[in-house]
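Scroll down for the structure; my scribbles are underneath it.
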Amino acid sequence: MNYLRQLGIAFFCILTITIHAQEEKVRPFDLEADFFYGMLLEHNPDISHLITEHPQGIMLAYNRKTYGYEAWERRYNFPDVGYTFVYQDMKNENLGELYSAYAHYNFYYWKRRLQFRIGQGVAIATNPYDRETNFINNAYGTTVLSSTMLKFGFKQNNIFKNIGVHAGVTIIHYSNANLKAPNNSTNTWAFTAGINYFPKANEFPDYIPLGEKTAYSEPIHYNLVVSGGANQSDINNSPRYGFLTLTAFADKRINHKSSFTAGVDAFFANFLKELIRYESVAFPEGEVTGDEDWKRFGVFIGHELHFNELSFVSQLGYYVYYPYDFEGRFYNRLGLKRTFGDHFSGSMVVKAHGAKAEAVEFGLGYRF
């Protein structure tokens, strides 16, 4: 799960805009309430001392139903869009408690009895790392975290007077995407069970059928993206520095849902400049001399999954210019992009090396 770090604030804002834009259309909704009980996964041995008891909490959700008013809703089997609130007691005094809010999609399978939810949002940690009062908490370096939630389970509506039940499993990931060290993060695997309430189930309109499937594609387009943000090295209490990423890529839309991409990146990460200087001074007998170049250049391939103007971005890259060894030559990105018209886009993606996040990139793009 660590490789999903963290799209949080952007997903929340983008999906909020999407939901608000749809409020003019009357849509039924349902409400959910869950209790969950689980365990912390030891994805990193550095957090083993924080795994003591079983975390637990409550989950509340609001699900706005779709029935095919927009074409993308029909292509994805009429998903829900909505919000989730989570309270989680980590059952460890050093980790404390977390309060989180997400924007989410629910996707349905098997006659709409199986539900898969993906949510992105922000969390508040009540007891983050402090070098004097809570140095044991090396998982959360900040009070405000980003969070990813995946939930899968069985759901049955309207068993008795608009009340239904559901149960399943959930994974919740908390991280600050390397905004401030330490950032070892946590992943909770939990069993969930609860009830749902569908206040106007009898007034739900008929689903609008997809109709005959039509082929769709676009010619190759070329894109330029300028991204930036701030991050720091893994050294606790080190300064935070800004960075700049320049990206050029081509995309090929093959159908309504999918595009393939390939391109090049130029990375200008100032924290690496400082890290090189630090290592050369702190470890004078090591391999780092202080003269290494801090710039990196890479090539990548990727995919975009389209939901109307919103798309989910995934990329795998390789550094072709890599003078300083930092987390390996392969890198990956996961994130979200929102298009505005035919040419402009805004994005938020998490750049990582496997399960280790480096930064959150906020980008502006132009498509030719």
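To be explicit about the labels: the chains of the structure tokens are called A, B, and onward in the order shown, and within each one the residues are counted from 1, while ligands get numbers from 1 in the order they are shown.
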Can you build me a table of region 68-167 of chain A residues sitting at most 10 Å from region 233-257 of chain A, with the closest atom pair per residue and its distance in Å to one decimal, using only C-alpha atoms, sorted by chain and residue number, as JSON lines?
{"residue": "A:Ala71", "atom": "CA", "partner": "A:His256", "partner_atom": "CA", "distance": 9.8}
{"residue": "A:Trp72", "atom": "CA", "partner": "A:His256", "partner_atom": "CA", "distance": 8.4}
{"residue": "A:Arg75", "atom": "CA", "partner": "A:Lys257", "partner_atom": "CA", "distance": 8.4}
{"residue": "A:Tyr76", "atom": "CA", "partner": "A:Lys257", "partner_atom": "CA", "distance": 9.3}
{"residue": "A:Tyr129", "atom": "CA", "partner": "A:Asn236", "partner_atom": "CA", "distance": 10.0}
{"residue": "A:Asp130", "atom": "CA", "partner": "A:Asn237", "partner_atom": "CA", "distance": 9.9}
{"residue": "A:Arg131", "atom": "CA", "partner": "A:Asn237", "partner_atom": "CA", "distance": 8.7}
{"residue": "A:Asn138", "atom": "CA", "partner": "A:Asn236", "partner_atom": "CA", "distance": 9.4}
{"residue": "A:Gly141", "atom": "CA", "partner": "A:Asn236", "partner_atom": "CA", "distance": 8.7}
Per residue of region 111-189 of chain A within 8 Å of region 350-364 of chain A, which atom pair is closest and at what distance in Å (one decimal), using only C-alpha atoms, listed by chain and increasing number, as CSV?
residue,atom,partner,partner_atom,distance
A:Ala177,CA,A:Ala357,CA,5.6
A:Asn178,CA,A:Ala359,CA,5.8
A:Leu179,CA,A:Ala359,CA,6.9
Selection: 6 Å around Thr170 (chain A), only C-alpha atoms, excl. self and same-chain fewer than 5 positions, as number ranges by chain: A: 150-151, 189-190
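Distance annotation: of A:Phe154, A:Phe368, A:Tyr83, A:Tyr109, the residue with the minimal separation from Asp30 (chain A) is A:Tyr83; atom set is only C-alpha atoms.
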Do a neighbour search on region 284-290 of chain A at 10 Å with only C-alpha atoms, toss out local chain neighbours closer than 2 positions, and write the hits as an MDAnalysis selection string. chainID A and resid 273:282 292:294 324:325
Looking at only C-alpha atoms, which of A:Phe326, A:Glu93, A:Glu42, A:Trp110 is the one that sits closest to Asn77 (chain A)?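 Of A:Phe326, A:Glu93, A:Glu42, A:Trp110, the one nearest Asn77 (chain A), counting only C-alpha atoms, is A:Trp110.
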Please return, as a ChimeraX atom specification, all residues of region 90-285 of chain A that DSSP assigns to strand (DSSP E) on the basis of the backbone. /A:97-109,114-125,144-160,163-175,186-197,221-231,241-253,258-269
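Backbone DSSP over region 96-306 of chain A gives alpha helix (DSSP H) for Asn270, Phe271, Leu272, Lys273, Glu274, Leu275, Ile276, Arg277, Tyr278, Glu279, Ser280, Val281 and Ala282 of chain A.
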Which value, in Å to one decimal, gives the distance between CA of Phe330 (chain A) and CA of Val122 (chain A)? 27.8 Å
Test item: residues at most 9 Å from Phe312 (chain A), only C-alpha atoms, excluding those fewer than 5 positions along its chain, as a list in words: His303, Glu304, Leu305, His306, Phe307, Leu334, Gly335, Leu336 and Lys337 of chain A
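When CA of Tyr321 (chain A) is paired with CA of Lys295 (chain A), their separation reads 8.1 Å.
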Residue contacts of Glu73 (chain A) (12 Å, only C-alpha atoms) excluding same-chain residues fewer than 4 positions away, as a PyMOL selection string: chain A and resi 65-69+77-81+105-108+207-210+256-257+306-308
Could you turn the residues from that selection into a file that holds N, CA, C and O atoms, as a PDB file, in the first residue's frame?
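The result, written out as out.pdb:
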ATOM      1  N   LYS A  65     -25.890   8.375  -5.431  1.00  0.00           N
ATOM      2  CA  LYS A  65     -26.089   7.359  -6.461  1.00  0.00           C
ATOM      3  C   LYS A  65     -26.054   7.967  -7.860  1.00  0.00           C
ATOM      4  O   LYS A  65     -26.421   9.141  -8.063  1.00  0.00           O
ATOM      5  N   THR A  66     -25.608   7.188  -8.818  1.00  0.00           N
ATOM      6  CA  THR A  66     -25.710   7.566 -10.228  1.00  0.00           C
ATOM      7  C   THR A  66     -26.558   6.526 -10.947  1.00  0.00           C
ATOM      8  O   THR A  66     -26.644   5.363 -10.526  1.00  0.00           O
ATOM      9  N   TYR A  67     -27.171   6.944 -12.028  1.00  0.00           N
ATOM     10  CA  TYR A  67     -28.019   6.015 -12.778  1.00  0.00           C
ATOM     11  C   TYR A  67     -27.861   6.193 -14.283  1.00  0.00           C
ATOM     12  O   TYR A  67     -28.703   5.754 -15.065  1.00  0.00           O
ATOM     13  N   GLY A  68     -26.756   6.844 -14.695  1.00  0.00           N
ATOM     14  CA  GLY A  68     -26.446   6.894 -16.124  1.00  0.00           C
ATOM     15  C   GLY A  68     -26.739   8.194 -16.815  1.00  0.00           C
ATOM     16  O   GLY A  68     -26.783   8.243 -18.041  1.00  0.00           O
ATOM     17  N   TYR A  69     -26.939   9.277 -16.053  1.00  0.00           N
ATOM     18  CA  TYR A  69     -27.199  10.566 -16.680  1.00  0.00           C
ATOM     19  C   TYR A  69     -26.002  11.005 -17.528  1.00  0.00           C
ATOM     20  O   TYR A  69     -26.166  11.607 -18.579  1.00  0.00           O
ATOM     21  N   ASN A  77     -20.669   1.069 -14.767  1.00  0.00           N
ATOM     22  CA  ASN A  77     -21.723   0.346 -14.054  1.00  0.00           C
ATOM     23  C   ASN A  77     -22.316   1.161 -12.906  1.00  0.00           C
ATOM     24  O   ASN A  77     -22.549   0.657 -11.817  1.00  0.00           O
ATOM     25  N   PHE A  78     -22.528   2.450 -13.148  1.00  0.00           N
ATOM     26  CA  PHE A  78     -23.259   3.321 -12.233  1.00  0.00           C
ATOM     27  C   PHE A  78     -22.628   3.372 -10.838  1.00  0.00           C
ATOM     28  O   PHE A  78     -23.206   2.918  -9.851  1.00  0.00           O
ATOM     29  N   PRO A  79     -21.436   3.921 -10.719  1.00  0.00           N
ATOM     30  CA  PRO A  79     -20.781   4.007  -9.404  1.00  0.00           C
ATOM     31  C   PRO A  79     -21.418   5.085  -8.538  1.00  0.00           C
ATOM     32  O   PRO A  79     -22.188   5.933  -9.003  1.00  0.00           O
ATOM     33  N   ASP A  80     -21.086   5.038  -7.236  1.00  0.00           N
ATOM     34  CA  ASP A  80     -21.439   6.116  -6.314  1.00  0.00           C
ATOM     35  C   ASP A  80     -20.271   7.100  -6.234  1.00  0.00           C
ATOM     36  O   ASP A  80     -19.106   6.719  -6.391  1.00  0.00           O
ATOM     37  N   VAL A  81     -20.606   8.352  -5.935  1.00  0.00           N
ATOM     38  CA  VAL A  81     -19.584   9.321  -5.553  1.00  0.00           C
ATOM     39  C   VAL A  81     -19.992   9.879  -4.198  1.00  0.00           C
ATOM     40  O   VAL A  81     -21.175  10.078  -3.922  1.00  0.00           O
ATOM     41  N   TYR A 105     -15.078   6.995  -4.567  1.00  0.00           N
ATOM     42  CA  TYR A 105     -15.914   6.326  -5.550  1.00  0.00           C
ATOM     43  C   TYR A 105     -16.257   4.937  -5.024  1.00  0.00           C
ATOM     44  O   TYR A 105     -15.399   4.260  -4.432  1.00  0.00           O
ATOM     45  N   ASN A 106     -17.489   4.490  -5.253  1.00  0.00           N
ATOM     46  CA  ASN A 106     -17.882   3.100  -5.029  1.00  0.00           C
ATOM     47  C   ASN A 106     -18.174   2.451  -6.376  1.00  0.00           C
ATOM     48  O   ASN A 106     -18.994   2.967  -7.148  1.00  0.00           O
ATOM     49  N   PHE A 107     -17.551   1.305  -6.644  1.00  0.00           N
ATOM     50  CA  PHE A 107     -17.815   0.542  -7.863  1.00  0.00           C
ATOM     51  C   PHE A 107     -18.504  -0.763  -7.474  1.00  0.00           C
ATOM     52  O   PHE A 107     -18.188  -1.363  -6.438  1.00  0.00           O
ATOM     53  N   TYR A 108     -19.434  -1.215  -8.322  1.00  0.00           N
ATOM     54  CA  TYR A 108     -20.274  -2.357  -7.977  1.00  0.00           C
ATOM     55  C   TYR A 108     -20.098  -3.508  -8.963  1.00  0.00           C
ATOM     56  O   TYR A 108     -19.880  -3.298 -10.166  1.00  0.00           O
ATOM     57  N   TYR A 207     -32.177   2.708 -14.287  1.00  0.00           N
ATOM     58  CA  TYR A 207     -30.861   2.939 -14.860  1.00  0.00           C
ATOM     59  C   TYR A 207     -30.985   3.208 -16.358  1.00  0.00           C
ATOM     60  O   TYR A 207     -31.753   2.550 -17.063  1.00  0.00           O
ATOM     61  N   ILE A 208     -30.228   4.173 -16.825  1.00  0.00           N
ATOM     62  CA  ILE A 208     -30.193   4.469 -18.258  1.00  0.00           C
ATOM     63  C   ILE A 208     -29.226   3.495 -18.913  1.00  0.00           C
ATOM     64  O   ILE A 208     -28.053   3.447 -18.540  1.00  0.00           O
ATOM     65  N   PRO A 209     -29.667   2.697 -19.871  1.00  0.00           N
ATOM     66  CA  PRO A 209     -28.778   1.678 -20.449  1.00  0.00           C
ATOM     67  C   PRO A 209     -27.631   2.308 -21.229  1.00  0.00           C
ATOM     68  O   PRO A 209     -27.737   3.431 -21.741  1.00  0.00           O
ATOM     69  N   LEU A 210     -26.536   1.558 -21.291  1.00  0.00           N
ATOM     70  CA  LEU A 210     -25.354   2.028 -22.017  1.00  0.00           C
ATOM     71  C   LEU A 210     -25.622   2.157 -23.508  1.00  0.00           C
ATOM     72  O   LEU A 210     -25.105   3.042 -24.175  1.00  0.00           O
ATOM     73  N   HIS A 256     -12.740   4.853 -24.765  1.00  0.00           N
ATOM     74  CA  HIS A 256     -13.313   5.833 -23.844  1.00  0.00           C
ATOM     75  C   HIS A 256     -12.613   5.828 -22.497  1.00  0.00           C
ATOM     76  O   HIS A 256     -12.560   6.862 -21.812  1.00  0.00           O
ATOM     77  N   LYS A 257     -12.068   4.690 -22.074  1.00  0.00           N
ATOM     78  CA  LYS A 257     -11.526   4.565 -20.724  1.00  0.00           C
ATOM     79  C   LYS A 257     -10.012   4.740 -20.649  1.00  0.00           C
ATOM     80  O   LYS A 257      -9.509   5.188 -19.618  1.00  0.00           O
ATOM     81  N   HIS A 306      -9.670   6.973 -17.577  1.00  0.00           N
ATOM     82  CA  HIS A 306     -10.467   8.190 -17.666  1.00  0.00           C
ATOM     83  C   HIS A 306     -11.842   8.023 -17.032  1.00  0.00           C
ATOM     84  O   HIS A 306     -12.546   7.041 -17.288  1.00  0.00           O
ATOM     85  N   PHE A 307     -12.210   9.014 -16.204  1.00  0.00           N
ATOM     86  CA  PHE A 307     -13.554   9.148 -15.649  1.00  0.00           C
ATOM     87  C   PHE A 307     -14.039  10.552 -16.013  1.00  0.00           C
ATOM     88  O   PHE A 307     -13.867  11.494 -15.243  1.00  0.00           O
ATOM     89  N   ASN A 308     -14.617  10.685 -17.191  1.00  0.00           N
ATOM     90  CA  ASN A 308     -15.036  11.997 -17.633  1.00  0.00           C
ATOM     91  C   ASN A 308     -13.818  12.924 -17.678  1.00  0.00           C
ATOM     92  O   ASN A 308     -12.816  12.581 -18.304  1.00  0.00           O
TER      93      ASN A 308
END
Can you tell me, as a PyMOL selection string, what residues are no more than 9 Å from Lys200 (chain A) when counting only C-alpha atoms, ignoring any on the same chain fewer than 3 positions away? chain A and resi 28-30+162+203-204
Mind writing the picked residues with all heavy atoms as a PDB file, in the first residue's frame?
ATOM      1  N   PRO A  28     -30.560  10.184  -5.817  1.00  0.00           N
ATOM      2  CA  PRO A  28     -30.759   9.541  -4.507  1.00  0.00           C
ATOM      3  C   PRO A  28     -29.420   9.279  -3.818  1.00  0.00           C
ATOM      4  O   PRO A  28     -28.358   9.310  -4.439  1.00  0.00           O
ATOM      5  CB  PRO A  28     -31.473   8.231  -4.858  1.00  0.00           C
ATOM      6  CG  PRO A  28     -31.999   8.438  -6.239  1.00  0.00           C
ATOM      7  CD  PRO A  28     -31.036   9.351  -6.919  1.00  0.00           C
ATOM      8  N   PHE A  29     -29.469   8.997  -2.520  1.00  0.00           N
ATOM      9  CA  PHE A  29     -28.248   8.716  -1.773  1.00  0.00           C
ATOM     10  C   PHE A  29     -28.561   7.694  -0.693  1.00  0.00           C
ATOM     11  O   PHE A  29     -29.725   7.441  -0.350  1.00  0.00           O
ATOM     12  CB  PHE A  29     -27.691   9.992  -1.139  1.00  0.00           C
ATOM     13  CG  PHE A  29     -28.567  10.577  -0.068  1.00  0.00           C
ATOM     14  CD1 PHE A  29     -28.393  10.239   1.267  1.00  0.00           C
ATOM     15  CD2 PHE A  29     -29.583  11.463  -0.395  1.00  0.00           C
ATOM     16  CE1 PHE A  29     -29.208  10.760   2.259  1.00  0.00           C
ATOM     17  CE2 PHE A  29     -30.401  12.001   0.589  1.00  0.00           C
ATOM     18  CZ  PHE A  29     -30.217  11.644   1.915  1.00  0.00           C
ATOM     19  N   ASP A  30     -27.497   7.082  -0.165  1.00  0.00           N
ATOM     20  CA  ASP A  30     -27.643   6.266   1.033  1.00  0.00           C
ATOM     21  C   ASP A  30     -26.551   6.620   2.024  1.00  0.00           C
ATOM     22  O   ASP A  30     -25.570   7.303   1.684  1.00  0.00           O
ATOM     23  CB  ASP A  30     -27.697   4.766   0.728  1.00  0.00           C
ATOM     24  CG  ASP A  30     -26.353   4.173   0.317  1.00  0.00           C
ATOM     25  OD1 ASP A  30     -25.364   4.928   0.225  1.00  0.00           O
ATOM     26  OD2 ASP A  30     -26.288   2.955   0.096  1.00  0.00           O
ATOM     27  N   ASN A 162     -35.939   0.058   4.443  1.00  0.00           N
ATOM     28  CA  ASN A 162     -34.865   0.898   3.905  1.00  0.00           C
ATOM     29  C   ASN A 162     -33.522   0.716   4.615  1.00  0.00           C
ATOM     30  O   ASN A 162     -32.577   1.468   4.352  1.00  0.00           O
ATOM     31  CB  ASN A 162     -35.236   2.378   3.939  1.00  0.00           C
ATOM     32  CG  ASN A 162     -36.407   2.720   3.038  1.00  0.00           C
ATOM     33  OD1 ASN A 162     -37.052   1.822   2.495  1.00  0.00           O
ATOM     34  ND2 ASN A 162     -36.685   3.990   2.869  1.00  0.00           N
ATOM     35  N   GLU A 203     -37.952   5.561  -4.713  1.00  0.00           N
ATOM     36  CA  GLU A 203     -37.998   6.609  -5.719  1.00  0.00           C
ATOM     37  C   GLU A 203     -36.794   6.571  -6.650  1.00  0.00           C
ATOM     38  O   GLU A 203     -36.596   7.490  -7.446  1.00  0.00           O
ATOM     39  CB  GLU A 203     -38.076   7.973  -5.030  1.00  0.00           C
ATOM     40  CG  GLU A 203     -39.300   8.137  -4.152  1.00  0.00           C
ATOM     41  CD  GLU A 203     -39.316   9.477  -3.438  1.00  0.00           C
ATOM     42  OE1 GLU A 203     -38.538  10.375  -3.848  1.00  0.00           O
ATOM     43  OE2 GLU A 203     -40.089   9.624  -2.477  1.00  0.00           O
ATOM     44  N   PHE A 204     -35.965   5.535  -6.542  1.00  0.00           N
ATOM     45  CA  PHE A 204     -34.768   5.465  -7.375  1.00  0.00           C
ATOM     46  C   PHE A 204     -35.185   5.284  -8.837  1.00  0.00           C
ATOM     47  O   PHE A 204     -35.954   4.378  -9.163  1.00  0.00           O
ATOM     48  CB  PHE A 204     -33.879   4.300  -6.933  1.00  0.00           C
ATOM     49  CG  PHE A 204     -32.515   4.330  -7.571  1.00  0.00           C
ATOM     50  CD1 PHE A 204     -31.497   5.080  -7.002  1.00  0.00           C
ATOM     51  CD2 PHE A 204     -32.254   3.634  -8.743  1.00  0.00           C
ATOM     52  CE1 PHE A 204     -30.242   5.122  -7.577  1.00  0.00           C
ATOM     53  CE2 PHE A 204     -30.999   3.671  -9.328  1.00  0.00           C
ATOM     54  CZ  PHE A 204     -29.991   4.420  -8.739  1.00  0.00           C
TER      55      PHE A 204
END
Contacts of region 137-183 of chain A with region 46-59 of chain A up to 12 Å, shortest pair per row, only C-alpha atoms, as JSON lines:
{"residue": "A:Asn137", "atom": "CA", "partner": "A:Leu50", "partner_atom": "CA", "distance": 7.5}
{"residue": "A:Asn138", "atom": "CA", "partner": "A:Ile47", "partner_atom": "CA", "distance": 7.1}
{"residue": "A:Ala139", "atom": "CA", "partner": "A:Ile47", "partner_atom": "CA", "distance": 6.8}
{"residue": "A:Tyr140", "atom": "CA", "partner": "A:Ile47", "partner_atom": "CA", "distance": 10.5}
{"residue": "A:Met149", "atom": "CA", "partner": "A:Met59", "partner_atom": "CA", "distance": 11.2}
{"residue": "A:Lys151", "atom": "CA", "partner": "A:Met59", "partner_atom": "CA", "distance": 11.1}
{"residue": "A:Thr170", "atom": "CA", "partner": "A:Met59", "partner_atom": "CA", "distance": 10.6}
{"residue": "A:Ile172", "atom": "CA", "partner": "A:Pro55", "partner_atom": "CA", "distance": 11.2}
{"residue": "A:Pro182", "atom": "CA", "partner": "A:Asp46", "partner_atom": "CA", "distance": 10.7}
{"residue": "A:Asn183", "atom": "CA", "partner": "A:Ile47", "partner_atom": "CA", "distance": 10.3}
Using C-alpha atoms, can you export the residues from the last selection as a CSV table (one decimal), in the first residue's frame?
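Output file part.csv is given in full below:
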chain,number,residue,atom,x,y,z
A,137,ASN,CA,6.6,7.9,16.7
A,138,ASN,CA,8.7,7.6,13.6
A,139,ALA,CA,5.6,6.9,11.4
A,140,TYR,CA,4.0,10.4,11.3
A,149,MET,CA,-8.6,4.0,1.8
A,151,LYS,CA,-12.7,-1.0,1.0
A,170,THR,CA,-10.6,-2.3,4.5
A,172,ILE,CA,-6.2,2.5,5.4
A,182,PRO,CA,10.1,11.0,9.7
A,183,ASN,CA,7.6,9.4,7.3
For a quick check of understanding, using only C-alpha atoms, which of A:Phe36, A:Tyr62, A:Tyr174, A:Phe116 has the smallest distance to Ser100 (chain A)?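 Counting only C-alpha atoms, the residue closest to Ser100 (chain A) is A:Tyr174.
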